[in-house]
>>> print(open('my_file05.tsv').read())   # TSV, C-alpha atoms
chain	number	residue	atom	x	y	z
D	1	MET	CA	85.81	91.30	123.09
D	2	ASN	CA	83.03	92.21	125.54
D	3	GLU	CA	83.52	90.23	128.76
D	4	LYS	CA	79.89	89.07	128.60
D	5	LEU	CA	80.40	87.65	125.11
D	6	GLU	CA	83.74	85.92	125.60
D	7	PRO	CA	82.32	82.81	127.35
D	8	LEU	CA	79.70	82.51	124.61
D	9	ALA	CA	82.16	82.91	121.75
D	10	SER	CA	84.50	80.34	123.31
D	11	LYS	CA	81.82	77.67	123.81
D	12	GLU	CA	82.45	74.48	121.87
D	13	GLU	CA	78.89	74.55	120.56
D	14	ARG	CA	76.21	77.25	120.65
D	15	LEU	CA	72.48	76.63	120.43
D	16	CYS	CA	71.13	79.45	118.29
D	17	ILE	CA	67.82	80.59	116.82
D	18	GLY	CA	67.54	82.42	113.50
D	19	ILE	CA	64.40	84.37	112.61
D	20	MET	CA	63.30	85.49	109.15
D	21	SER	CA	60.22	87.38	107.95
D	22	GLY	CA	60.29	87.74	104.18
D	23	THR	CA	58.89	90.28	101.73
D	24	SER	CA	56.05	87.94	100.76
D	25	CYS	CA	54.63	88.55	104.26
D	26	ASP	CA	53.65	84.91	104.58
D	27	GLY	CA	54.85	84.55	108.15
D	28	ILE	CA	57.73	84.01	110.52
D	29	ASN	CA	60.35	81.31	109.97
D	30	CYS	CA	62.42	80.21	112.99
D	31	ALA	CA	65.29	77.74	112.87
D	32	LEU	CA	67.08	76.11	115.80
D	33	VAL	CA	70.72	75.66	114.81
D	34	ARG	CA	73.69	74.07	116.56
D	35	ILE	CA	76.81	76.06	115.64
D	36	SER	CA	80.47	75.54	116.43
D	37	GLY	CA	83.40	77.70	115.38
D	38	SER	CA	83.26	80.75	113.15
D	39	GLY	CA	84.55	81.87	109.78
D	40	SER	CA	86.09	79.10	107.70
D	41	SER	CA	85.97	76.72	110.68
D	42	LEU	CA	82.22	77.17	111.22
D	43	ARG	CA	79.98	74.11	111.37
D	44	ALA	CA	76.19	74.42	111.54
D	45	LYS	CA	73.44	71.83	111.84
D	46	GLU	CA	69.74	72.58	111.78
D	47	ALA	CA	68.02	70.95	114.77
D	48	ALA	CA	64.42	72.14	114.32
D	49	PHE	CA	62.29	74.48	112.22
D	50	HIS	CA	59.00	76.23	112.83
D	51	THR	CA	56.97	78.52	110.59
D	52	GLU	CA	54.09	80.64	111.79
D	53	ALA	CA	51.72	82.28	109.31
D	54	TYR	CA	50.73	85.88	109.89
D	55	ASP	CA	47.07	86.58	110.62
D	56	GLU	CA	45.45	88.12	107.55
D	57	SER	CA	45.08	91.45	109.35
D	58	VAL	CA	48.81	91.60	110.16
D	59	ARG	CA	49.80	90.53	106.65
D	60	ASN	CA	47.57	93.14	105.05
D	61	ARG	CA	48.98	95.95	107.21
D	62	LEU	CA	52.57	94.88	106.48
D	63	LEU	CA	51.83	94.92	102.75
D	64	SER	CA	50.20	98.35	103.04
D	65	LEU	CA	53.02	99.83	105.12
D	66	ALA	CA	55.57	98.51	102.63
D	67	LYS	CA	54.10	100.77	99.96
D	68	GLY	CA	55.88	103.65	101.71
D	69	ASN	CA	52.94	106.05	101.61
D	70	GLU	CA	50.91	104.70	104.54
D	71	GLY	CA	51.37	104.69	108.28
D	72	GLY	CA	53.21	107.14	110.49
D	73	SER	CA	55.32	107.18	113.62
D	74	HIS	CA	52.37	105.99	115.74
D	75	GLU	CA	51.60	102.93	113.65
D	76	LEU	CA	55.25	102.06	112.97
D	77	THR	CA	55.85	102.02	116.72
D	78	LEU	CA	52.90	99.71	117.27
D	79	MET	CA	53.94	97.40	114.43
D	80	ALA	CA	57.56	97.23	115.61
D	81	PHE	CA	56.49	96.03	119.04
D	82	LEU	CA	53.74	93.75	117.70
D	83	LEU	CA	56.32	92.02	115.52
D	84	GLY	CA	58.62	91.73	118.52
D	85	ASP	CA	55.85	89.91	120.37
D	86	LEU	CA	55.08	87.67	117.39
D	87	PHE	CA	58.76	86.79	116.88
D	88	THR	CA	59.07	85.87	120.56
D	89	GLU	CA	55.94	83.71	120.51
D	90	ALA	CA	57.10	81.90	117.37
D	91	CYS	CA	60.48	81.14	118.98
D	92	LEU	CA	58.80	79.83	122.11
D	93	ARG	CA	56.73	77.45	119.98
D	94	LEU	CA	59.90	76.36	118.18
D	95	CYS	CA	61.46	75.48	121.54
D	96	ASP	CA	58.32	73.65	122.65
D	97	GLU	CA	58.26	71.58	119.45
D	98	ALA	CA	61.97	70.80	119.77
D	99	LYS	CA	61.58	70.04	123.51
D	100	VAL	CA	64.32	72.56	124.32
D	101	ASP	CA	64.17	74.79	127.39
D	102	ARG	CA	64.21	78.45	126.32
D	103	HIS	CA	66.99	79.17	128.82
D	104	ALA	CA	69.22	76.73	126.89
D	105	ILE	CA	69.29	79.11	123.91
D	106	ASP	CA	72.68	80.83	123.68
D	107	LEU	CA	72.02	83.36	120.91
D	108	ILE	CA	69.28	84.68	118.63
D	109	GLY	CA	69.66	86.40	115.25
D	110	SER	CA	66.59	88.25	113.96
D	111	HIS	CA	66.44	89.74	110.48
D	112	GLY	CA	63.23	91.62	111.23
D	113	HIS	CA	60.68	92.47	108.55
D	114	THR	CA	61.80	94.74	105.72
D	115	LEU	CA	59.35	97.61	105.34
D	116	TYR	CA	61.46	99.67	102.97
D	117	HIS	CA	64.74	99.17	101.15
D	118	LEU	CA	66.33	102.09	99.29
D	119	PRO	CA	69.77	101.07	97.93
D	120	GLU	CA	69.86	103.95	95.43
D	121	PRO	CA	70.07	107.53	96.80
D	122	GLU	CA	67.00	109.73	96.99
D	123	VAL	CA	67.25	113.46	97.64
D	124	TYR	CA	65.79	114.22	101.05
D	125	LEU	CA	65.99	117.69	102.61
D	126	GLY	CA	68.69	118.60	100.14
D	127	ARG	CA	70.87	115.53	100.69
D	128	PRO	CA	71.18	112.24	98.80
D	129	ILE	CA	70.07	109.57	101.28
D	130	ARG	CA	70.07	105.77	101.03
D	131	GLY	CA	68.53	103.56	103.66
D	132	THR	CA	66.76	100.42	104.74
D	133	MET	CA	64.22	99.67	107.47
D	134	GLN	CA	63.71	96.30	109.14
D	135	LEU	CA	60.97	96.37	111.75
D	136	GLY	CA	60.61	94.14	114.80
D	137	ASP	CA	61.81	95.18	118.26
D	138	VAL	CA	64.00	92.46	119.80
D	139	SER	CA	63.91	93.58	123.45
D	140	ARG	CA	61.24	91.03	124.36
D	141	LEU	CA	63.32	88.27	122.76
D	142	ALA	CA	66.32	89.25	124.90
D	143	GLU	CA	64.16	89.45	128.02
D	144	THR	CA	62.34	86.16	127.41
D	145	PHE	CA	65.34	84.06	126.42
D	146	SER	CA	67.97	85.80	128.61
D	147	CYS	CA	70.55	85.64	125.84
D	148	PRO	CA	72.17	88.07	123.39
D	149	VAL	CA	70.03	88.99	120.38
D	150	VAL	CA	71.56	90.33	117.15
D	151	SER	CA	69.39	92.31	114.72
D	152	ASP	CA	69.47	95.17	112.19
D	153	PHE	CA	72.08	93.42	110.06
D	154	ARG	CA	71.87	95.53	106.92
D	155	VAL	CA	72.71	99.07	108.02
D	156	ARG	CA	76.44	98.65	108.69
D	157	ASP	CA	76.96	97.55	105.10
D	158	PHE	CA	75.13	100.70	103.98
D	159	ALA	CA	77.61	102.73	106.01
D	160	ALA	CA	80.45	100.96	104.19
D	161	GLY	CA	78.97	101.97	100.84
D	162	GLY	CA	77.08	98.75	100.17
D	163	MET	CA	73.42	98.00	99.51
D	164	GLY	CA	72.85	95.91	102.64
D	165	ALA	CA	71.80	93.00	100.45
D	166	PRO	CA	72.02	90.21	99.69
D	167	LEU	CA	73.37	88.90	103.02
D	168	VAL	CA	72.71	85.15	102.79
D	169	PRO	CA	75.59	84.56	100.28
D	170	TYR	CA	78.09	84.84	103.14
D	171	THR	CA	76.50	81.85	104.86
D	172	GLU	CA	76.21	79.96	101.57
D	173	TYR	CA	79.93	80.47	101.04
D	174	LEU	CA	80.65	78.97	104.46
D	175	LEU	CA	78.29	76.01	104.04
D	176	TYR	CA	78.22	75.06	100.37
D	177	ARG	CA	81.40	76.02	98.52
D	178	SER	CA	83.22	73.21	96.74
D	179	GLU	CA	86.83	72.73	95.71
D	180	THR	CA	85.85	70.69	92.66
D	181	LYS	CA	82.76	72.26	91.07
D	182	THR	CA	80.90	75.51	90.57
D	183	VAL	CA	77.51	75.55	92.25
D	184	ALA	CA	74.71	78.09	92.43
D	185	HIS	CA	71.93	78.66	94.95
D	186	GLN	CA	68.76	80.52	94.01
D	187	ASN	CA	66.38	81.66	96.69
D	188	ILE	CA	62.89	82.47	95.46
D	189	GLY	CA	61.09	84.38	98.18
D	190	GLY	CA	59.24	87.61	97.47
D	191	ILE	CA	62.42	88.66	95.66
D	192	GLY	CA	64.75	86.22	93.90
D	193	ASN	CA	68.44	86.19	94.74
D	194	ILE	CA	71.27	84.05	93.40
D	195	THR	CA	74.65	83.05	94.78
D	196	ILE	CA	77.25	81.55	92.46
D	197	LEU	CA	80.15	79.80	94.17
D	198	PRO	CA	82.98	79.15	91.69
D	199	LYS	CA	84.96	76.01	92.43
D	200	GLY	CA	87.68	76.63	95.00
D	201	CYS	CA	86.43	80.19	95.51
D	202	ARG	CA	87.60	82.71	98.09
D	203	PRO	CA	85.10	85.14	99.66
D	204	GLU	CA	85.95	87.82	97.10
D	205	ASP	CA	85.16	85.41	94.25
D	206	VAL	CA	81.53	84.87	95.24
D	207	ILE	CA	78.99	86.29	92.77
D	208	ALA	CA	75.65	87.20	94.33
D	209	PHE	CA	72.79	89.62	93.67
D	210	ASP	CA	69.02	89.93	93.56
D	211	THR	CA	67.76	88.53	90.26
D	212	GLY	CA	64.45	90.43	90.37
D	213	PRO	CA	60.94	89.43	91.43
D	214	GLY	CA	60.56	85.99	92.95
D	215	ASN	CA	57.04	85.21	94.15
D	216	MET	CA	56.04	88.81	94.86
D	217	VAL	CA	54.45	89.65	91.51
D	218	ILE	CA	52.90	86.20	91.08
D	219	ASP	CA	51.37	86.36	94.58
D	220	ALA	CA	49.89	89.82	94.00
D	221	LEU	CA	48.31	88.77	90.70
D	222	VAL	CA	46.84	85.58	92.15
D	223	SER	CA	45.41	87.56	95.07
D	224	HIS	CA	43.87	90.06	92.64
D	225	TYR	CA	42.27	87.48	90.38
D	226	SER	CA	40.96	85.40	93.31
D	227	GLY	CA	39.45	88.42	95.02
D	228	GLY	CA	41.88	88.01	97.91
D	229	LYS	CA	40.91	84.38	98.57
D	230	LEU	CA	44.35	83.03	97.56
D	231	ARG	CA	47.76	84.24	98.74
D	232	TYR	CA	49.87	82.41	96.16
D	233	ASP	CA	49.76	80.08	93.15
D	234	ASP	CA	49.76	76.72	94.90
D	235	GLY	CA	52.21	74.46	93.07
D	236	GLY	CA	52.03	76.77	90.04
D	237	SER	CA	48.61	75.34	89.16
D	238	MET	CA	47.15	78.61	87.85
D	239	ALA	CA	50.20	79.33	85.70
D	240	ALA	CA	50.10	75.76	84.36
D	241	LYS	CA	46.64	76.45	82.87
D	242	GLY	CA	47.88	79.50	80.99
D	243	LYS	CA	50.42	80.48	78.35
D	244	THR	CA	52.89	83.31	77.99
D	245	VAL	CA	51.71	86.27	75.93
D	246	PRO	CA	53.96	88.61	73.93
D	247	GLU	CA	52.33	91.84	75.11
D	248	LEU	CA	53.28	91.11	78.71
D	249	GLU	CA	56.64	89.59	77.77
D	250	ARG	CA	57.55	92.91	76.14
D	251	PHE	CA	56.59	94.78	79.31
D	252	PHE	CA	58.66	92.50	81.54
D	253	LEU	CA	61.65	92.64	79.21
D	254	SER	CA	61.56	96.44	79.36
D	255	ASP	CA	62.20	96.29	83.13
D	256	PRO	CA	65.39	98.37	83.70
D	257	TYR	CA	66.44	96.19	86.64
D	258	LEU	CA	67.01	93.29	84.25
D	259	TYR	CA	69.85	95.21	82.59
D	260	GLN	CA	71.38	96.76	85.71
D	261	PRO	CA	74.87	95.36	86.36
D	262	ALA	CA	75.64	93.46	89.55
D	263	PRO	CA	76.04	93.92	92.44
D	264	LYS	CA	72.43	95.00	92.70
D	265	SER	CA	69.49	94.64	95.04
D	266	THR	CA	65.78	95.35	94.84
D	267	GLY	CA	62.50	94.93	96.68
D	268	ARG	CA	58.82	95.75	96.95
D	269	GLU	CA	59.62	99.41	96.18
D	270	ARG	CA	60.22	98.37	92.54
D	271	TYR	CA	57.85	95.43	92.17
D	272	GLY	CA	54.96	96.57	94.34
D	273	GLU	CA	51.65	98.28	93.68
D	274	ALA	CA	52.63	100.48	90.70
D	275	PHE	CA	54.26	97.53	88.90
D	276	ILE	CA	51.17	95.35	89.43
D	277	LYS	CA	48.83	98.10	88.26
D	278	GLU	CA	50.73	98.39	84.99
D	279	ILE	CA	50.55	94.62	84.42
D	280	LEU	CA	46.79	94.69	85.01
D	281	ARG	CA	46.37	97.71	82.73
D	282	ILE	CA	48.11	95.90	79.88
D	283	ALA	CA	46.16	92.71	80.57
D	284	ASP	CA	42.85	94.58	80.50
D	285	SER	CA	43.70	96.51	77.35
D	286	TYR	CA	44.51	93.30	75.42
D	287	GLY	CA	41.87	91.11	77.07
D	288	ILE	CA	44.49	88.71	78.46
D	289	ALA	CA	43.12	85.86	80.59
D	290	ALA	CA	44.07	85.65	84.25
D	291	GLU	CA	45.87	82.32	83.81
D	292	ASP	CA	47.97	83.80	80.99
D	293	VAL	CA	48.91	86.83	83.10
D	294	VAL	CA	50.06	84.60	85.97
D	295	CYS	CA	51.87	82.28	83.56
D	296	THR	CA	53.77	85.19	81.99
D	297	ALA	CA	54.69	86.61	85.40
D	298	THR	CA	56.00	83.17	86.37
D	299	TRP	CA	57.98	83.07	83.13
D	300	TYR	CA	59.56	86.42	84.00
D	301	THR	CA	60.79	85.17	87.37
D	302	ALA	CA	62.43	82.24	85.55
D	303	GLU	CA	63.76	84.44	82.75
D	304	ALA	CA	65.42	86.81	85.23
D	305	ILE	CA	67.13	83.81	86.84
D	306	ARG	CA	68.23	82.47	83.43
D	307	ARG	CA	69.81	85.79	82.52
D	308	SER	CA	71.67	85.91	85.82
D	309	MET	CA	73.45	82.69	84.81
D	310	GLU	CA	74.34	83.65	81.24
D	311	GLY	CA	77.98	83.01	80.44
D	312	ARG	CA	78.59	81.07	83.64
D	313	ASP	CA	79.47	77.39	83.64
D	314	VAL	CA	77.24	76.22	86.48
D	315	GLY	CA	76.68	72.50	86.85
D	316	SER	CA	73.86	72.66	89.40
D	317	LEU	CA	71.37	75.21	90.66
D	318	VAL	CA	69.76	74.55	94.06
D	319	VAL	CA	66.42	76.33	94.43
D	320	GLY	CA	65.07	77.28	97.85
D	321	GLY	CA	62.37	79.49	99.32
D	322	GLY	CA	58.65	79.39	98.61
D	323	GLY	CA	59.25	79.32	94.86
D	324	SER	CA	60.84	75.89	95.16
D	325	HIS	CA	57.30	74.52	95.67
D	326	ASN	CA	56.08	76.00	92.36
D	327	SER	CA	56.44	73.09	89.93
D	328	THR	CA	55.51	75.26	86.92
D	329	LEU	CA	58.33	77.68	87.74
D	330	LEU	CA	60.78	74.80	88.19
D	331	SER	CA	59.72	73.30	84.84
D	332	MET	CA	60.34	76.63	83.13
D	333	LEU	CA	63.80	76.84	84.70
D	334	ARG	CA	64.66	73.31	83.57
D	335	GLU	CA	63.56	74.14	80.04
D	336	MET	CA	65.54	77.39	79.98
D	337	LEU	CA	68.69	75.87	81.52
D	338	PRO	CA	69.02	72.40	79.96
D	339	GLN	CA	72.75	72.14	80.74
D	340	THR	CA	72.25	72.83	84.44
D	341	ARG	CA	70.85	70.39	86.97
D	342	ILE	CA	67.97	72.14	88.72
D	343	MET	CA	67.34	70.80	92.23
D	344	THR	CA	65.21	71.81	95.18
D	345	GLY	CA	66.87	72.15	98.57
D	346	GLU	CA	65.28	68.86	99.61
D	347	GLU	CA	66.83	67.09	96.62
D	348	ALA	CA	70.18	68.56	97.68
D	349	GLY	CA	69.71	67.32	101.24
D	350	TYR	CA	68.40	70.28	103.24
D	351	ASN	CA	65.21	72.23	104.00
D	352	SER	CA	64.33	74.79	101.31
D	353	ASP	CA	62.09	76.77	103.65
D	354	SER	CA	64.49	77.16	106.57
D	355	LYS	CA	67.56	78.35	104.68
D	356	GLU	CA	67.26	82.08	105.40
D	357	ALA	CA	66.35	81.57	109.06
D	358	VAL	CA	69.42	79.35	109.44
D	359	ALA	CA	71.45	82.06	107.72
D	360	PHE	CA	70.55	84.69	110.33
D	361	ALA	CA	71.51	82.35	113.16
D	362	ILE	CA	74.91	82.00	111.47
D	363	LEU	CA	75.24	85.75	110.84
D	364	ALA	CA	74.50	86.37	114.54
D	365	ASN	CA	77.14	83.79	115.48
D	366	GLU	CA	79.73	85.60	113.36
D	367	CYS	CA	78.81	88.94	114.93
D	368	VAL	CA	79.29	87.58	118.45
D	369	CYS	CA	82.64	86.10	117.43
D	370	GLY	CA	83.78	89.42	115.94
D	371	GLN	CA	84.00	87.89	112.47
D	372	ALA	CA	83.33	90.06	109.41
D	373	ASN	CA	80.15	88.57	107.93
D	374	SER	CA	79.51	90.58	104.79
D	375	LEU	CA	80.62	89.90	101.22
D	376	PRO	CA	81.48	93.13	99.39
D	377	SER	CA	81.38	91.24	96.09
D	378	ALA	CA	77.65	90.70	96.77
D	379	THR	CA	76.62	93.94	98.47
D	380	GLY	CA	78.98	96.42	96.82
D	381	GLY	CA	80.46	97.48	100.16
D	382	SER	CA	83.94	99.00	100.18
D	383	HIS	CA	85.24	96.38	102.63
D	384	PRO	CA	84.00	93.49	104.79
D	385	VAL	CA	82.26	94.53	108.01
D	386	VAL	CA	80.72	92.92	111.08
D	387	LEU	CA	76.96	93.10	110.52
D	388	GLY	CA	74.43	93.33	113.32
D	389	LYS	CA	73.47	95.32	116.41
D	390	MET	CA	73.40	93.46	119.70
D	391	GLN	CA	71.25	93.43	122.80
D	392	LEU	CA	72.91	91.65	125.70
>>> encode(input="my_file05.tsv", output="structure tokens")
Amino acid sequence: MNEKLEPLASKEERLCIGIMSGTSCDGINCALVRISGSGSSLRAKEAAFHTEAYDESVRNRLLSLAKGNEGGSHELTLMAFLLGDLFTEACLRLCDEAKVDRHAIDLIGSHGHTLYHLPEPEVYLGRPIRGTMQLGDVSRLAETFSCPVVSDFRVRDFAAGGMGAPLVPYTEYLLYRSETKTVAHQNIGGIGNITILPKGCRPEDVIAFDTGPGNMVIDALVSHYSGGKLRYDDGGSMAAKGKTVPELERFFLSDPYLYQPAPKSTGRERYGEAFIKEILRIADSYGIAAEDVVCTATWYTAEAIRRSMEGRDVGSLVVGGGGSHNSTLLSMLREMLPQTRIMTGEEAGYNSDSKEAVAFAILANECVCGQANSLPSATGGSHPVVLGKMQL
């Protein structure tokens, strides 16, 4: 182990920050986490949480850059360092709110912001290439907090033949597995992802994959119909006024991702601008009301989750992420899965919004301790690897 890391890894407790910026481009989530141990002996307790919304100008550029056909090396450089500044400022506010001196922070784990995720190969200059890009330079974090910063978690799993996603199931295995019952955790951010933890499971028994769109399609449709005044369907109120329509149901059910076997992962590349344009084309051609379009898109998020649980005896499903605040979506899930107890993170005893930020604090902790922190059963990697690049 690096001589600079050994005192940190051997500390009885480490005060860590995890940073997450999701595909919905809502903002930056930062969690302050007290962590002891690693691997199966790990214990983690959230001490504070802060979320900072992106300015509309930043959000709009992130959404545009994520299309893959805008920007260039000049703008990507500017955005990488802008995000580094914004991440640092958000973490400083977290420390201020928690009344913790920034120099007391032992370790930071930053996911960065995913601009492009390409788990399936694309021919580039004569070679099949897969890749993923998370933007957000962490040098200012390391300089400001004077502690190691771990970032760029996904690429090592790519090198091992995996898809670099989903990564949170490793932390869910450490924190939530049970010897007596099978439990599932569904995150509904821009993309939905599920983790199923069979009772008494070992790491290789964990089932995890992206279910499909989470809030991403719903958000885009609400923004379109509100003329950009609304970012999301608050509480599912717009969907609650509508009904599902068969013309759009048929379109959603023709989505190839729904039938792709796990492990699998997806992103804005599949459910971005072209996908939204096709929904709107169908809606216009059949004269479908805005509320019905949003309702059917909400139904599809729930339907993708339902299908991910088919044939699995799951007693409870804990829903986190922004989608956990959409009561219409939760009602649809409860109707579709009557034998499963559907709970929000809060009902299960933790913060739905902070879960992924906490996860990247834990993944950084495992990296520092030299602990493999990937689950090949979730990512498709050939073997477990230590995820993350480190700045000391």
>>> atom_distance(input="my_file05.tsv", atom1="atom CA of D:Gly380", atom2="atom CA of D:Leu125")
25.6 Å
>>> residues_near_point(input="my_file05.tsv", point="(62.8, 78.8, 87.7)", cutoff="6 Å", atoms="all atoms listed in the file", output="list in words")
Ala302, Leu329, Leu330, Met332 and Leu333 of chain D
>>> closest_residue(input="my_file05.tsv", among="D:Ala53, D:Leu42, D:Val294, D:Cys369", to="D:Ile28", atoms="only C-alpha atoms")
D:Ala53
>>> atom_distance(input="my_file05.tsv", atom1="atom CA of D:Asn2", atom2="atom CA of D:Leu141")
20.3 Å
>>> atom_distance(input="my_file05.tsv", atom1="atom CA of D:Leu83", atom2="atom CA of D:Leu62")
10.2 Å
>>> closest_residue(input="my_file05.tsv", among="D:Ala304, D:Ala47, D:Leu63, D:Val293", to="D:Cys95", atoms="only C-alpha atoms")
D:Ala47
>>> closest_atom_pairs(input="my_file05.tsv", of="stretch 206-299 of chain D", to="stretch 187-190 of chain D", cutoff="6 Å", atoms="only C-alpha atoms", output="Markdown table")
| residue | atom | partner | partner_atom | distance |
| --- | --- | --- | --- | --- |
| D:Gly214 | CA | D:Ile188 | CA | 4.9 |
| D:Asn215 | CA | D:Gly190 | CA | 4.6 |
| D:Met216 | CA | D:Gly190 | CA | 4.3 |
>>> residues_around(input="my_file05.tsv", residues="D:Tyr271", least_positions_apart="4", cutoff="7 Å", atoms="only C-alpha atoms", output="list of chain:residue names")
D:Pro213, D:Val217, D:Gly267, D:Phe275
>>> closest_residue(input="my_file05.tsv", among="D:Gly315, D:Arg43, D:Leu392, D:Tyr286", to="D:Cys147", atoms="all atoms listed in the file")
D:Leu392
>>> residues_around(input="my_file05.tsv", residues="D:Gly345", least_positions_apart="5", cutoff="6 Å", atoms="only C-alpha atoms", output="list in words")
Val318, Val319, Gly320, Tyr350, Asn351 and Ser352 of chain D
>>> closest_residue(input="my_file05.tsv", among="D:Glu179, D:Ala372, D:Phe49, D:Ile279", to="D:His224", atoms="all atoms listed in the file")
D:Ile279
>>> residues_around(input="my_file05.tsv", residues="stretch 324-326 of chain D", least_positions_apart="5", cutoff="6 Å", atoms="only C-alpha atoms", output="list in words")
Gly235, Gly236, Val319 and Thr344 of chain D
>>> closest_residue(input="my_file05.tsv", among="D:Glu347, D:Ser38, D:Arg14, D:Ser265", to="D:Gly370", atoms="all atoms listed in the file")
D:Ser38
>>> closest_residue(input="my_file05.tsv", among="D:Leu65, D:Ile196, D:Leu15, D:Met343", to="D:Glu310", atoms="all atoms listed in the file")
D:Ile196
>>> residues_around(input="my_file05.tsv", residues="D:Arg231", least_positions_apart="4", cutoff="7 Å", atoms="all atoms listed in the file", output="NGL selection string")
:D and (219 or 222-223)
>>> residues_around(input="my_file05.tsv", residues="D:Lys99", least_positions_apart="6", cutoff="12 Å", atoms="all atoms listed in the file", output="VMD selection string")
chain D and resid 32 47 to 48 92 to 93 105
>>> write_last_selection(input="my_file05.tsv", atoms="C-alpha atoms", output="short mmCIF file (atom, residue, chain, number, x, y, z; two decimals), keeping the file's coordinate frame")
data_model
loop_
_atom_site.label_atom_id
_atom_site.label_comp_id
_atom_site.auth_asym_id
_atom_site.auth_seq_id
_atom_site.Cartn_x
_atom_site.Cartn_y
_atom_site.Cartn_z
CA LEU D 32 67.08 76.11 115.80
CA ALA D 47 68.02 70.95 114.77
CA ALA D 48 64.42 72.14 114.32
CA LEU D 92 58.80 79.83 122.11
CA ARG D 93 56.73 77.45 119.98
CA ILE D 105 69.29 79.11 123.91
#
>>> residues_near_point(input="my_file05.tsv", point="(59.1, 77.5, 117.5)", cutoff="9 Å", atoms="only C-alpha atoms", output="JSON, numbers by chain")
{"D": [29, 30, 31, 32, 48, 49, 50, 51, 52, 88, 89, 90, 91, 92, 93, 94, 95, 96, 97, 98]}
>>> axis_aligned_box(input="my_file05.tsv", around="stretch 236-248 of chain D", padding_each_side="8 Å", output="JSON")
{"center_x": 50.3, "center_y": 83.6, "center_z": 82.0, "size_x": 23.3, "size_y": 32.5, "size_z": 32.1}
